[in-house]
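Reproduced below: final_37.cif, with mmCIF, C-alpha atoms.
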data_work
#
loop_
_atom_site.label_atom_id
_atom_site.label_comp_id
_atom_site.auth_asym_id
_atom_site.auth_seq_id
_atom_site.Cartn_x
_atom_site.Cartn_y
_atom_site.Cartn_z
CA MET A 8 -267.46 2.71 148.90
CA ASN A 9 -265.75 5.91 150.00
CA GLU A 10 -265.98 7.18 146.43
CA VAL A 11 -269.66 6.22 146.14
CA PHE A 12 -270.36 7.94 149.46
CA GLY A 13 -268.57 11.07 148.29
CA GLU A 14 -270.41 11.15 144.96
CA LEU A 15 -273.77 10.82 146.73
CA ALA A 16 -272.87 13.70 149.04
CA ILE A 17 -272.25 15.88 145.98
CA LYS A 18 -275.37 14.71 144.17
CA TYR A 19 -277.67 15.32 147.15
CA PRO A 20 -276.51 18.59 148.79
CA ALA A 21 -279.73 18.90 150.81
CA ILE A 22 -278.76 15.80 152.79
CA GLN A 23 -276.14 15.77 155.53
CA PHE A 24 -273.62 12.96 155.07
CA LEU A 25 -271.39 11.94 157.99
CA LYS A 26 -268.67 9.29 158.15
CA ILE A 27 -267.23 7.92 161.39
CA GLU A 28 -264.94 5.10 162.50
CA ALA A 29 -267.04 2.53 164.34
CA GLU A 30 -264.30 1.62 166.82
CA GLU A 31 -263.65 5.24 167.77
CA PHE A 32 -267.33 5.93 168.53
CA ALA A 33 -268.37 2.79 170.36
CA ASP A 34 -271.42 4.44 171.96
CA ILE A 35 -272.86 5.39 168.56
CA SER A 36 -272.06 1.92 167.19
CA GLU A 37 -273.92 0.34 170.09
CA GLN A 38 -276.85 2.75 169.75
CA PHE A 39 -277.40 1.73 166.13
CA ASP A 40 -276.34 -1.90 166.61
CA ILE A 41 -273.48 -1.74 164.10
CA SER A 42 -272.27 -5.29 163.48
CA ALA A 43 -270.61 -4.97 160.05
CA VAL A 44 -268.23 -2.55 158.37
CA PRO A 45 -269.08 -0.65 156.32
CA SER A 46 -272.61 0.01 157.52
CA PHE A 47 -274.84 2.85 156.39
CA ILE A 48 -277.77 4.13 158.41
CA ILE A 49 -280.27 6.65 157.10
CA LEU A 50 -282.03 8.92 159.57
CA LYS A 51 -285.02 11.09 158.83
CA GLY A 52 -286.50 13.34 161.48
CA GLY A 53 -284.19 11.69 164.01
CA LYS A 54 -285.61 8.24 163.25
CA LEU A 55 -283.86 5.32 161.59
CA VAL A 56 -285.57 4.71 158.23
CA ASP A 57 -283.12 2.38 156.51
CA ARG A 58 -279.94 0.38 157.04
CA ILE A 59 -277.47 -1.03 154.49
CA GLU A 60 -274.77 -3.39 155.69
CA GLY A 61 -271.75 -4.15 153.54
CA ALA A 62 -270.36 -2.64 150.34
CA LYS A 63 -273.65 -2.52 148.43
CA ALA A 64 -273.30 0.56 146.24
CA ALA A 65 -276.50 0.12 144.26
CA GLU A 66 -278.60 -0.52 147.36
CA LEU A 67 -277.15 2.54 149.10
CA SER A 68 -277.73 4.77 146.06
CA ASN A 69 -281.32 3.61 145.69
CA SER A 70 -282.05 4.17 149.37
CA VAL A 71 -280.60 7.67 149.40
CA ALA A 72 -282.57 8.56 146.25
CA LYS A 73 -285.76 7.18 147.80
CA HIS A 74 -285.47 9.08 151.07
CA SER A 75 -284.22 12.33 149.51
CA LYS A 76 -287.37 13.15 147.56
CA GLY A 77 -289.09 15.26 150.21
CA LEU A 78 -285.89 17.06 151.11
CA LEU A 79 -285.09 17.93 147.51
CA ASN A 80 -288.48 19.60 147.14
CA LYS A 81 -288.08 21.41 150.46
CA PHE A 82 -284.71 22.90 149.60
CA GLN A 83 -285.34 23.41 145.90
CA VAL A 84 -284.60 26.92 144.68
CA THR A 85 -286.16 28.72 141.74
CA ASN A 86 -284.85 27.26 138.53
CA ALA A 87 -282.71 29.47 136.33
CA PRO A 88 -284.22 30.41 132.97
CA ALA A 89 -283.82 27.65 130.38
CA SER A 90 -281.69 29.95 128.20
CA ASP A 91 -279.22 30.52 131.07
CA VAL A 92 -278.96 26.79 131.74
CA SER A 93 -278.43 26.12 128.04
CA ASN A 94 -275.73 28.77 127.72
CA LYS A 95 -273.94 27.50 130.81
CA ALA A 96 -273.97 23.95 129.43
CA LYS A 97 -272.60 25.17 126.08
CA ASP A 98 -269.82 27.09 127.82
CA LEU A 99 -268.90 24.06 129.90
CA ASN A 100 -268.89 21.76 126.87
CA ALA A 101 -266.63 24.18 125.00
CA ARG A 102 -264.27 24.24 127.97
CA LEU A 103 -264.26 20.45 128.26
CA LYS A 104 -263.49 20.12 124.54
CA SER A 105 -260.59 22.53 124.93
CA LEU A 106 -259.21 20.62 127.93
CA ILE A 107 -259.53 17.25 126.21
CA ASN A 108 -257.59 18.57 123.23
CA ASN A 109 -254.99 20.35 125.34
CA ALA A 110 -252.38 17.68 124.53
CA PRO A 111 -252.15 14.61 122.24
CA VAL A 112 -252.47 12.43 125.36
CA MET A 113 -254.60 13.97 128.10
CA ILE A 114 -255.51 12.34 131.40
CA PHE A 115 -258.06 13.45 133.97
CA ILE A 116 -257.06 12.17 137.39
CA LYS A 117 -257.55 12.74 141.09
CA GLY A 118 -254.53 14.74 142.19
CA THR A 119 -251.42 15.36 140.14
CA PRO A 120 -248.88 13.02 138.53
CA GLN A 121 -246.52 13.92 141.37
CA GLN A 122 -249.17 13.40 144.06
CA PRO A 123 -252.02 11.13 142.91
CA ARG A 124 -254.98 11.14 145.29
CA CYS A 125 -256.34 7.67 144.54
CA GLY A 126 -254.92 4.25 143.74
CA PHE A 127 -256.38 4.11 140.23
CA SER A 128 -254.83 7.46 139.30
CA ARG A 129 -251.50 6.39 140.79
CA THR A 130 -251.50 3.14 138.82
CA LEU A 131 -252.30 4.99 135.58
CA VAL A 132 -249.48 7.49 136.11
CA ASP A 133 -247.07 4.62 136.82
CA LEU A 134 -248.13 2.77 133.66
CA LEU A 135 -247.67 5.83 131.46
CA ALA A 136 -244.25 6.47 132.98
CA GLU A 137 -243.28 2.82 132.47
CA HIS A 138 -244.22 3.06 128.77
CA LYS A 139 -242.60 6.51 128.44
CA VAL A 140 -245.81 8.18 127.28
CA LYS A 141 -245.80 11.98 127.22
CA TYR A 142 -249.06 13.44 128.50
CA SER A 143 -250.70 16.40 130.17
CA SER A 144 -253.07 16.07 133.11
CA PHE A 145 -255.99 17.79 134.80
CA ASN A 146 -256.74 17.41 138.50
CA ILE A 147 -260.51 16.91 138.70
CA LEU A 148 -260.48 17.56 142.46
CA THR A 149 -259.82 21.24 141.74
CA ASP A 150 -262.93 21.81 139.61
CA GLU A 151 -266.29 20.22 140.37
CA ASP A 152 -267.85 21.49 137.12
CA VAL A 153 -265.22 19.64 135.09
CA ARG A 154 -265.45 16.58 137.31
CA GLN A 155 -269.21 16.18 136.94
CA GLY A 156 -269.50 17.62 133.42
CA LEU A 157 -266.93 15.27 131.92
CA LYS A 158 -268.95 12.23 133.03
CA SER A 159 -271.88 13.35 130.90
CA TYR A 160 -269.80 14.84 128.07
CA SER A 161 -267.98 11.56 127.41
CA ASP A 162 -270.60 9.21 128.86
CA TRP A 163 -267.99 7.69 131.19
CA PRO A 164 -268.87 7.67 134.91
CA THR A 165 -265.52 7.15 136.62
CA PHE A 166 -261.98 8.50 136.84
CA PRO A 167 -259.25 8.44 135.73
CA GLN A 168 -260.11 9.07 132.08
CA VAL A 169 -257.61 8.90 129.21
CA TYR A 170 -257.95 10.78 125.91
CA ILE A 171 -255.76 10.41 122.83
CA GLN A 172 -256.05 13.00 120.07
CA GLY A 173 -259.27 14.26 121.65
CA GLU A 174 -260.95 10.84 121.72
CA LEU A 175 -261.85 8.98 124.91
CA ILE A 176 -259.88 5.76 125.27
CA GLY A 177 -261.37 4.82 128.64
CA GLY A 178 -260.27 4.30 132.20
CA LEU A 179 -257.53 2.32 133.89
CA ASP A 180 -258.95 -1.12 133.03
CA ILE A 181 -259.17 -0.25 129.32
CA VAL A 182 -255.59 1.05 129.30
CA LYS A 183 -254.39 -2.12 131.02
CA GLU A 184 -256.21 -4.24 128.44
CA LEU A 185 -254.75 -2.25 125.53
CA ILE A 186 -251.27 -2.63 127.00
CA SER A 187 -251.68 -6.38 127.46
CA THR A 188 -252.73 -6.83 123.81
CA GLY A 189 -249.97 -4.56 122.52
CA GLU A 190 -252.51 -2.18 120.99
CA PHE A 191 -251.71 0.73 123.29
CA ALA A 192 -248.33 1.45 121.70
CA SER A 193 -249.94 1.70 118.27
CA ILE A 194 -252.54 4.32 119.28
CA VAL A 195 -250.23 6.56 121.31
CA PRO A 196 -249.05 9.39 119.02
CA GLN A 197 -245.43 9.28 117.98
CA GLU A 198 -243.62 11.91 119.94
CA LYS A 199 -242.83 15.07 118.02
CA SER A 200 -239.67 17.02 118.59
CA LEU A 201 -240.14 19.63 121.29
CA ALA A 202 -239.63 22.41 118.74
CA ASN A 203 -242.40 21.08 116.49
CA ARG A 204 -244.69 20.60 119.47
CA LEU A 205 -244.11 24.17 120.65
CA ASP A 206 -244.81 25.51 117.16
CA ASP A 207 -248.07 23.55 117.04
CA LEU A 208 -249.14 24.89 120.44
CA ILE A 209 -248.24 28.48 119.55
CA LYS A 210 -250.36 28.27 116.38
CA LYS A 211 -253.22 26.35 117.97
CA GLN A 212 -255.40 29.49 117.98
CA SER A 213 -254.99 33.02 116.62
CA VAL A 214 -254.54 34.36 120.14
CA MET A 215 -252.66 31.92 122.34
CA LEU A 216 -251.73 32.46 125.99
CA PHE A 217 -249.15 30.45 127.91
CA MET A 218 -249.90 30.95 131.58
CA LYS A 219 -249.67 29.50 135.06
CA GLY A 220 -252.99 27.81 135.80
CA THR A 221 -256.21 28.14 133.82
CA PRO A 222 -258.38 31.16 132.91
CA ASP A 223 -260.81 30.15 135.67
CA GLU A 224 -258.07 29.51 138.22
CA PRO A 225 -254.90 31.49 137.45
CA GLN A 226 -251.98 30.41 139.61
CA CYS A 227 -250.09 33.73 139.64
CA GLY A 228 -250.98 37.42 139.70
CA PHE A 229 -249.42 38.18 136.30
CA SER A 230 -251.49 35.46 134.62
CA ARG A 231 -254.60 36.72 136.40
CA GLN A 232 -254.00 40.26 135.09
CA MET A 233 -253.46 39.02 131.55
CA ILE A 234 -256.74 37.07 131.67
CA GLY A 235 -258.49 40.21 132.89
CA ILE A 236 -257.11 42.24 129.98
CA LEU A 237 -258.23 39.69 127.38
CA ASN A 238 -261.66 39.23 128.94
CA ASP A 239 -262.25 42.97 129.26
CA ARG A 240 -261.67 43.27 125.51
CA HIS A 241 -263.80 40.21 124.73
CA ILE A 242 -260.88 38.56 122.97
CA LYS A 243 -261.26 34.87 122.24
CA PHE A 244 -258.09 33.00 123.04
CA GLY A 245 -256.63 29.58 123.63
CA TYR A 246 -254.37 28.81 126.54
CA PHE A 247 -251.82 26.33 127.80
CA ASN A 248 -251.15 25.74 131.49
CA ILE A 249 -247.36 25.59 131.70
CA LEU A 250 -247.58 24.06 135.20
CA SER A 251 -248.91 20.88 133.59
CA ASP A 252 -245.85 20.29 131.41
CA ASP A 253 -242.35 21.27 132.44
CA ASP A 254 -240.91 20.48 128.98
CA VAL A 255 -243.14 23.16 127.47
CA ARG A 256 -242.49 25.52 130.37
CA GLN A 257 -238.71 25.39 130.03
CA GLY A 258 -238.53 24.78 126.27
CA LEU A 259 -240.68 27.74 125.31
CA LYS A 260 -238.33 30.18 127.05
CA THR A 261 -235.51 29.11 124.74
CA HIS A 262 -237.71 28.60 121.70
CA VAL A 263 -238.84 32.24 121.59
CA ASN A 264 -236.03 33.76 123.67
CA TRP A 265 -238.38 35.09 126.36
CA PRO A 266 -237.67 34.20 130.01
CA THR A 267 -240.94 34.74 131.85
CA PHE A 268 -244.63 33.91 131.86
CA PRO A 269 -247.32 34.65 130.88
CA MET A 270 -246.53 34.87 127.15
CA LEU A 271 -249.08 36.03 124.60
CA PHE A 272 -248.92 35.06 120.91
CA TYR A 273 -250.92 36.34 117.96
CA LYS A 274 -250.99 34.30 114.74
CA GLY A 275 -247.87 32.43 115.79
CA GLU A 276 -245.86 35.54 116.67
CA LEU A 277 -244.83 36.48 120.22
CA LEU A 278 -246.33 39.77 121.39
CA GLY A 279 -244.64 39.55 124.80
CA GLY A 280 -245.49 39.35 128.46
CA LEU A 281 -247.78 41.37 130.71
CA ASP A 282 -245.66 44.55 130.71
CA ILE A 283 -245.36 44.60 126.92
CA VAL A 284 -249.11 44.06 126.50
CA LYS A 285 -249.82 46.92 128.92
CA GLU A 286 -247.49 49.22 126.95
CA MET A 287 -249.19 48.23 123.69
CA ILE A 288 -252.58 49.04 125.21
CA GLU A 289 -251.39 52.49 126.32
CA THR A 290 -250.18 53.33 122.81
CA GLY A 291 -253.24 51.82 121.14
CA GLU A 292 -251.06 49.32 119.29
CA PHE A 293 -252.60 46.29 121.00
CA ASP A 294 -256.09 46.77 119.61
CA GLN A 295 -254.66 47.65 116.19
CA VAL A 296 -252.64 44.42 116.03
CA LEU A 297 -255.47 42.16 117.12
CA THR A 298 -257.98 43.71 114.72
CA ALA A 299 -255.61 43.79 111.75
#
What would the structure in this file look like if it were written as structure tokens?
Amino acid sequence: MNEVFGELAIKYPAIQFLKIEAEEFADISEQFDISAVPSFIILKGGKLVDRIEGAKAAELSNSVAKHSKGLLNKFQVTNAPASDVSNKAKDLNARLKSLINNAPVMIFIKGTPQQPRCGFSRTLVDLLAEHKVKYSSFNILTDEDVRQGLKSYSDWPTFPQVYIQGELIGGLDIVKELISTGEFASIVPQEKSLANRLDDLIKKQSVMLFMKGTPDEPQCGFSRQMIGILNDRHIKFGYFNILSDDDVRQGLKTHVNWPTFPMLFYKGELLGGLDIVKEMIETGEFDQVLTA
């Protein structure tokens, strides 16, 4: 129910959601005659308008939706033009597609593989480790647009989500079922050599950036500067977050004999890091290379 409560709080920002421990606030529990845990009380104008006792997700959702109608109208802001909404949705869908295809096996979890933030995500990470499956991950708690957008994009309402070769496999229960039938091993891609995998990543797009973090949330100043340079020149590029895969992070240094990140590639060839790109811009060589 904690997850349902949290999702409702996001869905209805005009409503104030509070969670307390009944035993720690005995006076409040007595005031509202709390006799079961969990219990949900809905107040409107300081008056109790509804009460749900027990883990009844559907009943709670329906009640919140019912009593939110007036508030939603009260706090509603002017809608953005339809064209802006459409463009934003297209941009988000393009980003989701890129994330889903970021690795042959891609998982969207709460937290990181090293520090899962929910039991389902932890169980999934353990299962993949047990079956020696190589994967990349995305922490949905760091990006609310991705978290909510992915539910609609793939028509799957919960997390974790598992994708293989860009196709949704499902959540934890589906993975467990596939493992129990022996089917999971047959759909997981055979692992390529690291060298072949690095070559595939480098050639994934004409302009390919290996960075710390993502274009929306760079995790170091050098990566942030590189993103700024590419965006200022309206250059379309693909990217790989090296923090999500230590094999790629360490292997790429040896593969191209370059020790630091970010690294920028054009048509499979290494241009260099931030300093080299800046020098190329000063001499005019950068724009010449990318428009050749």
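Considering the residues A:Ala101, A:Met233, A:Val255, A:Ala62 and counting all atoms listed in the file, Asp207 in chain A has its shortest atom-to-atom contact with A:Val255.
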Would you work out the distance separating CA of Asp253 in chain A from CA of Pro123 in chain A, expressed in Å to one decimal? 17.5 Å
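Nearest-residue note for Ser105 in chain A: choosing from A:Phe229, A:Phe12, A:Phe244, A:Tyr142, the minimum distance belongs to A:Phe244, counting only C-alpha atoms.
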For the point (-255.6, 14.6, 134.0) in file coordinates, what residues are within 8 Å, counting all atoms listed in the file? Give the answer as number ranges by chain? A: 113-117, 119, 143-147, 167-169
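When only C-alpha atoms are used to measure the gap to Val56 in chain A, the shortest distance among A:Ile283, A:Asp239, A:Ala43, A:Lys73 belongs to A:Lys73.
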Taking the file as shown, find all residues satisfying the PyMOL selection byres ((chain A and resi 99) around 12) and write them as an MDAnalysis selection string. chainID A and resid 92:98 100:106 150:157 159:160 223
